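Trainee: Pasting in a structure now, in structure tokens, and then I'll have a few things to ask.
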Amino acid sequence: MKISLTQTIITLAAATFSMITGFSPANAVQFGQQEVDQDRFVAMAVPRAFGYSLVVVEQISDSRPCWSENGSRPVQVEPLLLNFDFSGICGRATDSNGYSVRMGGQDLALSHSLTVQAIPGEILLVANSRADVYAPPIIIGRSFGRSSGFTKIFLEPGWRFTKRIYNDRTLGHIYFTHDNLPR
């Protein structure tokens, strides 16, 4: 009895909310994408105490460089933006509020999470399904080697950076974009 009463209350509350706000799945927010100059972005694996995190830096203005690169396989990145006030010069995305995955014209921010995984000999940027823990990860990029510092992640063929748009307005959110849907 208690469970069905709780379910009834929740159902009524959801129905009332939908009527008041006009919200339905049909009018959920639809984001688009804007193509960008790929050379103005860098994705990097940042070493932490337990693994790596992902940071994406965008060169917004040419007044000062936001990063420099050294070496090959792997390429080490020096985040120069840490040495000055980078407001209006560099953009920085450090978590899922700043970047997500977009495939086949669909925003996968709610269905897939981005992680940086260290494997023997290199670092991978992968998208993991939140709904199916057994789904294979989608490999988006790799480092082609390992280093102890900030390491550049090269996007796999078919992947590129784009920006999120809403109502023809370009937002700061960065997509890792592929034209095909996940399999």
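For the structure tokens, the naming scheme is as follows: chains receive sequential letters (A, B, ...) according to their order of presentation, residues are indexed from 1 within each chain, and ligands are indexed from 1 in presentation order.
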List every residue of chain A that DSSP, applied to the backbone of this structure, places in alpha helix (DSSP H), and write the result as a short mmCIF file (atom, residue, chain, number, x, y, z; two decimals) with N, CA and C atoms, in the first residue's frame.
Mentor:
data_model
loop_
_atom_site.label_atom_id
_atom_site.label_comp_id
_atom_site.auth_asym_id
_atom_site.auth_seq_id
_atom_site.Cartn_x
_atom_site.Cartn_y
_atom_site.Cartn_z
N LYS A 2 1.90 1.24 0.82
CA LYS A 2 2.77 2.40 0.93
C LYS A 2 3.49 2.67 -0.39
N ILE A 3 3.91 1.61 -1.07
CA ILE A 3 4.62 1.79 -2.33
C ILE A 3 3.69 2.36 -3.40
N SER A 4 2.49 1.83 -3.51
CA SER A 4 1.58 2.33 -4.54
C SER A 4 1.14 3.76 -4.25
N LEU A 5 0.99 4.13 -2.99
CA LEU A 5 0.64 5.51 -2.64
C LEU A 5 1.79 6.44 -3.05
N THR A 6 3.03 6.03 -2.78
CA THR A 6 4.20 6.82 -3.16
C THR A 6 4.27 6.97 -4.67
N GLN A 7 4.06 5.88 -5.40
CA GLN A 7 4.09 5.94 -6.86
C GLN A 7 2.99 6.86 -7.39
N THR A 8 1.81 6.82 -6.80
CA THR A 8 0.70 7.68 -7.21
C THR A 8 1.05 9.15 -7.00
N ILE A 9 1.62 9.46 -5.87
CA ILE A 9 2.02 10.84 -5.56
C ILE A 9 3.07 11.32 -6.55
N ILE A 10 4.06 10.49 -6.84
CA ILE A 10 5.12 10.87 -7.78
C ILE A 10 4.53 11.09 -9.17
N THR A 11 3.65 10.19 -9.60
CA THR A 11 3.03 10.33 -10.92
C THR A 11 2.21 11.61 -11.01
N LEU A 12 1.43 11.91 -9.98
CA LEU A 12 0.64 13.14 -9.98
C LEU A 12 1.53 14.38 -9.98
N ALA A 13 2.60 14.33 -9.21
CA ALA A 13 3.52 15.47 -9.16
C ALA A 13 4.16 15.70 -10.53
N ALA A 14 4.58 14.63 -11.20
CA ALA A 14 5.19 14.75 -12.53
C ALA A 14 4.19 15.29 -13.54
N ALA A 15 2.96 14.81 -13.48
CA ALA A 15 1.93 15.28 -14.40
C ALA A 15 1.64 16.76 -14.17
N THR A 16 1.54 17.16 -12.91
CA THR A 16 1.29 18.56 -12.58
C THR A 16 2.44 19.44 -13.05
N PHE A 17 3.67 19.01 -12.81
CA PHE A 17 4.85 19.75 -13.26
C PHE A 17 4.83 19.93 -14.77
N SER A 18 4.50 18.86 -15.50
CA SER A 18 4.46 18.93 -16.96
C SER A 18 3.41 19.92 -17.44
N MET A 19 2.24 19.92 -16.78
CA MET A 19 1.19 20.85 -17.19
C MET A 19 1.56 22.29 -16.88
N ILE A 20 2.18 22.53 -15.74
CA ILE A 20 2.53 23.89 -15.34
C ILE A 20 3.65 24.44 -16.20
N THR A 21 4.69 23.65 -16.41
CA THR A 21 5.87 24.15 -17.12
C THR A 21 5.79 23.96 -18.62
#
Trainee: Would you please extract all strand (DSSP E) residues from range 45-93 of chain A, as assigned by DSSP on the backbone, and give them as a PyMOL selection string?
Mentor: chain A and resi 45-48+51-59+68-70+76-78+90-93
Trainee: As an mmCIF file with C-alpha atoms, in the first residue's frame, please: the residues near range 149-152 of chain A (cut-off 6 Å, only C-alpha atoms, same-chain neighbours under 3 positions excluded).
Mentor:
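Everything below was put into part-v6.cif:
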data_model
loop_
_atom_site.group_PDB
_atom_site.id
_atom_site.type_symbol
_atom_site.label_atom_id
_atom_site.label_comp_id
_atom_site.auth_asym_id
_atom_site.auth_seq_id
_atom_site.Cartn_x
_atom_site.Cartn_y
_atom_site.Cartn_z
ATOM 1 C CA ALA A 43 43.294 18.140 -25.479
ATOM 2 C CA MET A 44 45.705 16.998 -22.811
ATOM 3 C CA ALA A 45 45.962 14.318 -20.188
ATOM 4 C CA VAL A 46 46.874 15.886 -16.850
ATOM 5 C CA VAL A 75 54.021 15.268 -27.200
ATOM 6 C CA GLN A 76 54.400 17.110 -23.915
ATOM 7 C CA VAL A 77 52.251 20.213 -23.467
ATOM 8 C CA SER A 143 48.765 10.005 -26.701
#
Trainee: So which one's closest to Asp39 in chain A, A:Ile139, A:Ser72, A:Trp67, A:Gly145? Using only C-alpha atoms, please.
Mentor: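 Ranking A:Ile139, A:Ser72, A:Trp67, A:Gly145 by distance to Asp39 in chain A, first place goes to A:Trp67.
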Trainee: Tell me which protein, DNA and RNA residues are within 12 Å of Asp179 in chain A, counting only C-alpha atoms, leaving out same-chain ones fewer than 3 positions away, and put them as a list of chain:residue names.
Mentor: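 Listing them by chain and then by number gives A:Gln33, A:Val101, A:Arg102, A:Met103, A:Gly104, A:Gly105, A:Gln106, A:Asp107, A:Pro157, A:Gly158, A:Trp159, A:Arg160, A:Phe161, A:Thr162, A:Tyr175, A:Phe176, A:Pro182.
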Trainee: Those same residues - N, CA and C atoms - I'd like them written as a compact mmCIF listing (two decimals), in the first residue's frame.
Mentor:
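File produced: selection38.txt:
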# COMPACT_ATOMS: atom_id res chain seq x y z
N GLN A 33 25.92 22.14 -33.54
CA GLN A 33 27.38 22.22 -33.48
C GLN A 33 27.90 23.23 -34.49
N VAL A 101 30.66 14.59 -25.67
CA VAL A 101 30.74 13.85 -26.92
C VAL A 101 29.51 14.15 -27.77
N ARG A 102 29.73 14.28 -29.08
CA ARG A 102 28.64 14.45 -30.04
C ARG A 102 28.91 13.51 -31.21
N MET A 103 27.93 12.64 -31.49
CA MET A 103 28.09 11.68 -32.59
C MET A 103 26.83 11.66 -33.44
N GLY A 104 27.02 11.62 -34.76
CA GLY A 104 25.89 11.54 -35.66
C GLY A 104 24.88 12.64 -35.48
N GLY A 105 25.35 13.84 -35.11
CA GLY A 105 24.45 14.97 -34.91
C GLY A 105 23.71 14.94 -33.58
N GLN A 106 24.06 14.01 -32.69
CA GLN A 106 23.38 13.91 -31.41
C GLN A 106 24.34 14.23 -30.26
N ASP A 107 23.87 15.04 -29.34
CA ASP A 107 24.62 15.37 -28.13
C ASP A 107 24.52 14.18 -27.19
N PRO A 157 41.11 9.23 -36.19
CA PRO A 157 40.53 9.63 -37.48
C PRO A 157 39.01 9.73 -37.39
N GLY A 158 38.46 10.79 -37.97
CA GLY A 158 37.03 11.02 -37.96
C GLY A 158 36.56 11.89 -36.81
N TRP A 159 37.40 12.06 -35.79
CA TRP A 159 37.04 12.89 -34.64
C TRP A 159 37.59 14.29 -34.82
N ARG A 160 36.86 15.28 -34.30
CA ARG A 160 37.31 16.68 -34.36
C ARG A 160 36.65 17.46 -33.23
N PHE A 161 37.18 18.65 -32.98
CA PHE A 161 36.58 19.57 -32.02
C PHE A 161 35.50 20.37 -32.74
N THR A 162 34.37 20.61 -32.08
CA THR A 162 33.36 21.57 -32.52
C THR A 162 32.87 22.29 -31.27
N TYR A 175 32.69 20.19 -28.03
CA TYR A 175 32.34 18.81 -28.36
C TYR A 175 33.54 18.08 -28.93
N PHE A 176 33.66 16.81 -28.58
CA PHE A 176 34.48 15.86 -29.31
C PHE A 176 33.47 15.24 -30.30
N PRO A 182 27.28 6.04 -32.52
CA PRO A 182 27.99 4.91 -31.91
C PRO A 182 27.33 3.59 -32.31
Trainee: Select, from A:Ser100, A:Ser61, A:Asn180, A:Thr170, the residue with the minimum atom-to-atom distance to Glu35 in chain A, counting only C-alpha atoms.
Mentor: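 Answer, going by the shortest atom-to-atom distance: A:Thr170.
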Trainee: Counting only C-alpha atoms, which of A:Val42, A:Ala135, A:Ile123, A:Gly98 gets nearest to Ser111 in chain A?
Mentor: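 Smallest separation from Ser111 in chain A among the options: A:Ala135.
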Trainee: From the list A:Ser148, A:Pro74, A:Gln34, A:Pro136, which residue is nearest Ala49 in chain A when using only C-alpha atoms?
Mentor: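 Of A:Ser148, A:Pro74, A:Gln34, A:Pro136, the one nearest Ala49 in chain A is A:Ser148, counting only C-alpha atoms.
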Trainee: Take CA of Arg183 in chain A and CA of Phe154 in chain A and report the distance between them in Å, one decimal.
Mentor: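 About the pair CA of Arg183 in chain A and CA of Phe154 in chain A: they are 21.7 Å apart.
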Trainee: Please indicate the distance in Å from CA of Phe31 in chain A to CA of Asp62 in chain A, rounded to one decimal place.
Mentor: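 Computing it gives 28.2 Å between the two atoms.
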Trainee: Have a look at A:Arg73, A:Gly88, A:Pro120, A:Tyr166 and name the one nearest to Phe144 in chain A; count only C-alpha atoms.
Mentor: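 Closest to Phe144 in chain A of all the choices is A:Arg73.
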Trainee: What is the CA of Leu82 in chain A-CA of His173 in chain A distance in Å, reported with one decimal?
Mentor: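 Taking CA of Leu82 in chain A and CA of His173 in chain A, their separation equals 20.4 Å.
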Trainee: For each of A:Ser87, A:Arg92, A:Glu58, A:Thr177, take the minimum atom-to-atom distance to Ala127 in chain A, counting only C-alpha atoms, then give the residue where this is smallest.
Mentor: A:Thr177
